[in-house]
Amino acid sequence: MYDLIIIGMGPAGVSAAIYAKRAGLKLLCFDKAMVGGYLNYIDRVDNYAGLYGSSGPDIAFNFLEAINNLDIEVINKEVLSVLDGDVKKVVTKDGEYLAKNIIIATGRIPKKIGIENEDNLRGHGISNCALCDGAFYRNKEVAVLGAGESALQEALYLANICKKVYIIHRRDKLSVIGYNASRVKETGNIEILYEKVIAKLKDKDGILDEIVFTDDSKLKVSALFVYIGFKPITNFLSNLDILTNEGYVLVNQSFETKIKGIYAIGDTIKKDLYQISVAVGEGAVVANKIINSILE
Ligand SMILES: Cc1cc2nc3c(=O)[nH]c(=O)nc-3n(C[C@H](O)[C@H](O)[C@H](O)COP(=O)(O)OP(=O)(O)OC[C@H]3O[C@@H](n4cnc5c(N)ncnc54)[C@H](O)[C@@H]3O)c2cc1C
């Protein structure tokens, strides 16, 4: 029986794990992929205090060092469900793990466009990760779908590698203001295509070839990077009745769900700002709350 099981080892989960382990809690963590979570896919982070200009993978590696140095046990498996009861159960395909408290820190994934051919072209011209796939399109023309902060940040990264980057935006102006928006406007090889909605993705031999818009205009690109919002990774919690209609975990000010002992932090909860600093802060706050409840 563990004092605490943390599901998800992105910035939120790692931060909670560091506090819990240093306080002497009996702790177990799960991640289905890599420690560091989404950080592993971010080119450059300029707004995480103390680490200005670091690469996402560098910060993720630093998280991993903390996990290793503190001897925090991380099982590299997907959690399939969480069961409530006096003792909570975390279920994986190989077994069940018991805990007094559970923190859900499973983050979000980018939304799909939802049009024909999209799934077939994923990995063949369609991507959600400029850092992972950008280099395949060196000196080529590519497009970014979306014009939020993440989309602009990724367009700037691609502009360093690709010949030309088109930003496809459904509105008539950018709704984002500030640092990234100014840099996009100043970057010579980025062009924003306003009031464009994708109708069709055409392929040649199974590889993305042309984007057709609803106004019948066309754009030939080698790749389309999609950043049109996110979907929380919470479908494995659907039995618990703690999710909003959009799938975010509902929590109170202490990050506790309506089920005592089950908490959620980071990008899985509904909030105004989805950032590393916020996720890390929430990890510290929730771990401290659990530590105090155990010591009481
Ligand atoms: C393109 C892009 C650029 C960004 N740039 C910045 C930036 O410059 N600065 C900034 O502050 N923020 C940035 N962000 C936001 C930042 O990445 C997130 O706010 C942060 O990573 C959230 O941390 P998290 O721990 O909540 O989730 P995540 O980082 O998403 O980690 C969740 C972890 O949970 C694991 N997991 C999921 N489901 C399961 C399961 N069932 N079982 C086991 N493990 C599971 C995943 O493998 C993952 O490791 C950016 C985001 C994107 C998409």
# chains A, B, ... in the order shown; residues from 1 in each chain; ligands from 1
$ closest_atom_pairs --of "chain A" --to "ligand 1" --cutoff "7 Å" --atoms "only C-alpha atoms and all ligand atoms" --output "tab-separated table"
residue	atom	partner	partner_atom_place_in_ligand_line	distance
A:Ile7	CA	ligand 1	43 (C)	5.4
A:Gly8	CA	ligand 1	34 (O)	3.3
A:Met9	CA	ligand 1	49 (O)	4.9
A:Gly10	CA	ligand 1	25 (O)	3.4
A:Pro11	CA	ligand 1	25 (O)	4.0
A:Ala12	CA	ligand 1	25 (O)	3.8
A:Gly13	CA	ligand 1	25 (O)	5.5
A:Phe30	CA	ligand 1	43 (C)	5.1
A:Asp31	CA	ligand 1	44 (N)	3.5
A:Lys32	CA	ligand 1	44 (N)	4.0
A:Ala33	CA	ligand 1	47 (O)	4.2
A:Met34	CA	ligand 1	49 (O)	5.2
A:Val35	CA	ligand 1	49 (O)	5.6
A:Gly36	CA	ligand 1	49 (O)	5.8
A:Gly37	CA	ligand 1	49 (O)	3.2
A:Tyr38	CA	ligand 1	29 (O)	3.8
A:Leu39	CA	ligand 1	17 (O)	5.3
A:Ile42	CA	ligand 1	3 (C)	5.3
A:Arg44	CA	ligand 1	8 (O)	6.2
A:Val45	CA	ligand 1	8 (O)	4.0
A:Asp46	CA	ligand 1	8 (O)	5.8
A:Asn47	CA	ligand 1	9 (N)	5.5
A:Tyr48	CA	ligand 1	11 (O)	5.6
A:Lys77	CA	ligand 1	43 (C)	5.9
A:Glu78	CA	ligand 1	42 (N)	3.6
A:Val79	CA	ligand 1	42 (N)	3.8
A:Leu80	CA	ligand 1	41 (N)	5.8
A:Ala105	CA	ligand 1	26 (O)	5.4
A:Thr106	CA	ligand 1	34 (O)	3.5
A:Gly107	CA	ligand 1	27 (O)	3.5
A:Arg108	CA	ligand 1	30 (O)	5.2
A:Pro110	CA	ligand 1	53 (C)	7.0
A:Cys129	CA	ligand 1	1 (C)	6.9
A:Ser150	CA	ligand 1	1 (C)	4.6
A:Ala151	CA	ligand 1	1 (C)	6.7
A:Gln153	CA	ligand 1	3 (C)	6.6
A:Glu154	CA	ligand 1	1 (C)	6.1
A:Ile233	CA	ligand 1	38 (N)	5.7
A:Phe236	CA	ligand 1	41 (N)	6.4
A:Ile265	CA	ligand 1	26 (O)	6.4
A:Gly266	CA	ligand 1	26 (O)	3.3
A:Asp267	CA	ligand 1	26 (O)	3.8
A:Thr268	CA	ligand 1	26 (O)	6.1
A:Tyr274	CA	ligand 1	19 (O)	4.2
A:Gln275	CA	ligand 1	19 (O)	3.5
A:Ile276	CA	ligand 1	11 (O)	3.7
A:Ser277	CA	ligand 1	11 (O)	5.6
A:Ala279	CA	ligand 1	23 (O)	5.3
$ select_by_dssp --residues "region 133-220 of chain A" --states "strand (DSSP E)" --output "ChimeraX atom specification"
/A:141-145,164-168,190-193,198-204,207-213,218-220
$ residues_around --residues "Gly261 (chain A)" --least-positions-apart "5" --cutoff "9 Å" --atoms "only C-alpha atoms" --output "mmCIF file with C-alpha atoms, in the first residue's frame"
data_model
loop_
_atom_site.group_PDB
_atom_site.id
_atom_site.type_symbol
_atom_site.label_atom_id
_atom_site.label_comp_id
_atom_site.auth_asym_id
_atom_site.auth_seq_id
_atom_site.Cartn_x
_atom_site.Cartn_y
_atom_site.Cartn_z
ATOM 1 C CA LYS A 88 -7.751 3.351 -4.145
ATOM 2 C CA LYS A 100 -4.227 6.041 0.036
ATOM 3 C CA ASN A 101 -3.926 9.011 -2.333
ATOM 4 C CA ILE A 102 -3.714 9.430 -6.084
ATOM 5 C CA ILE A 103 -2.588 12.400 -8.155
ATOM 6 C CA GLU A 256 -8.892 17.547 -4.864
ATOM 7 C CA ILE A 290 -1.153 15.305 0.962
#
$ closest_residue --among "A:Asn139, A:Ser254, A:Thr214, A:Ser175" --to "Asn189 (chain A)" --atoms "only C-alpha atoms"
A:Asn139
$ residues_around --residues "Lys140 (chain A)" --least-positions-apart "6" --cutoff "7 Å" --atoms "only C-alpha atoms" --output "PyMOL selection string"
chain A and resi 162-164+222
$ residues_around --residues "Ala284 (chain A)" --least-positions-apart "3" --cutoff "7 Å" --atoms "only C-alpha atoms" --output "list in words"
Ser15, Ala16, Tyr19, Val280, Gly281, Ala287 and Asn288 of chain A
$ atom_distance --atom1 "CA of Leu158 (chain A)" --atom2 "CA of Lys271 (chain A)"
28.6 Å
$ atom_distance --atom1 "CA of Thr244 (chain A)" --atom2 "CA of Ile269 (chain A)"
9.3 Å
$ select_by_dssp --residues "region 41-222 of chain A" --states "helix (DSSP H, G or I)" --output "NGL selection string"
:A and (41 or 56-69 or 118-121 or 130-137 or 149-159 or 179-186)
$ write_last_selection --atoms "C-alpha atoms" --output "compact mmCIF listing (two decimals), in the first residue's frame"
# COMPACT_ATOMS: atom_id res chain seq x y z
CA TYR A 41 8.57 18.05 -27.66
CA GLY A 56 12.37 21.47 -23.50
CA PRO A 57 14.31 18.16 -23.64
CA ASP A 58 17.09 19.71 -21.47
CA ILE A 59 14.57 20.63 -18.78
CA ALA A 60 13.01 17.15 -19.10
CA PHE A 61 16.46 15.62 -18.61
CA ASN A 62 16.92 17.72 -15.50
CA PHE A 63 13.60 16.38 -14.19
CA LEU A 64 14.83 12.85 -14.88
CA GLU A 65 18.03 13.54 -12.95
CA ALA A 66 15.99 14.61 -9.92
CA ILE A 67 13.85 11.46 -10.19
CA ASN A 68 16.97 9.26 -10.36
CA ASN A 69 18.92 11.09 -7.64
CA GLU A 118 -6.20 13.10 -41.69
CA ASP A 119 -5.48 9.81 -39.91
CA ASN A 120 -3.98 8.24 -43.05
CA LEU A 121 -1.64 11.21 -43.52
CA ALA A 130 7.65 20.63 -35.03
CA LEU A 131 10.59 19.65 -32.84
CA CYS A 132 10.19 15.95 -33.72
CA ASP A 133 9.39 16.25 -37.43
CA GLY A 134 10.47 19.74 -38.56
CA ALA A 135 13.89 18.58 -39.75
CA PHE A 136 12.27 16.26 -42.32
CA TYR A 137 11.04 19.37 -44.13
CA GLU A 149 0.54 30.78 -28.62
CA SER A 150 1.64 27.16 -29.24
CA ALA A 151 1.01 27.47 -33.00
CA LEU A 152 3.00 30.71 -33.28
CA GLN A 153 5.84 29.26 -31.22
CA GLU A 154 6.01 26.23 -33.48
CA ALA A 155 5.83 28.37 -36.64
CA LEU A 156 8.85 30.36 -35.42
CA TYR A 157 10.78 27.16 -34.84
CA LEU A 158 9.90 25.85 -38.32
CA ALA A 159 10.86 29.18 -39.94
CA TYR A 179 6.25 38.50 -27.90
CA ASN A 180 5.50 35.55 -30.23
CA ALA A 181 2.97 37.50 -32.33
CA SER A 182 5.50 40.30 -32.93
CA ARG A 183 8.26 37.85 -33.82
CA VAL A 184 5.96 36.06 -36.30
CA LYS A 185 5.13 39.35 -38.03
CA GLU A 186 8.83 40.25 -38.23
$ residues_around --residues "region 167-170 of chain A" --least-positions-apart "5" --cutoff "7 Å" --atoms "only C-alpha atoms" --output "ChimeraX atom specification"
/A:143-147,191-197
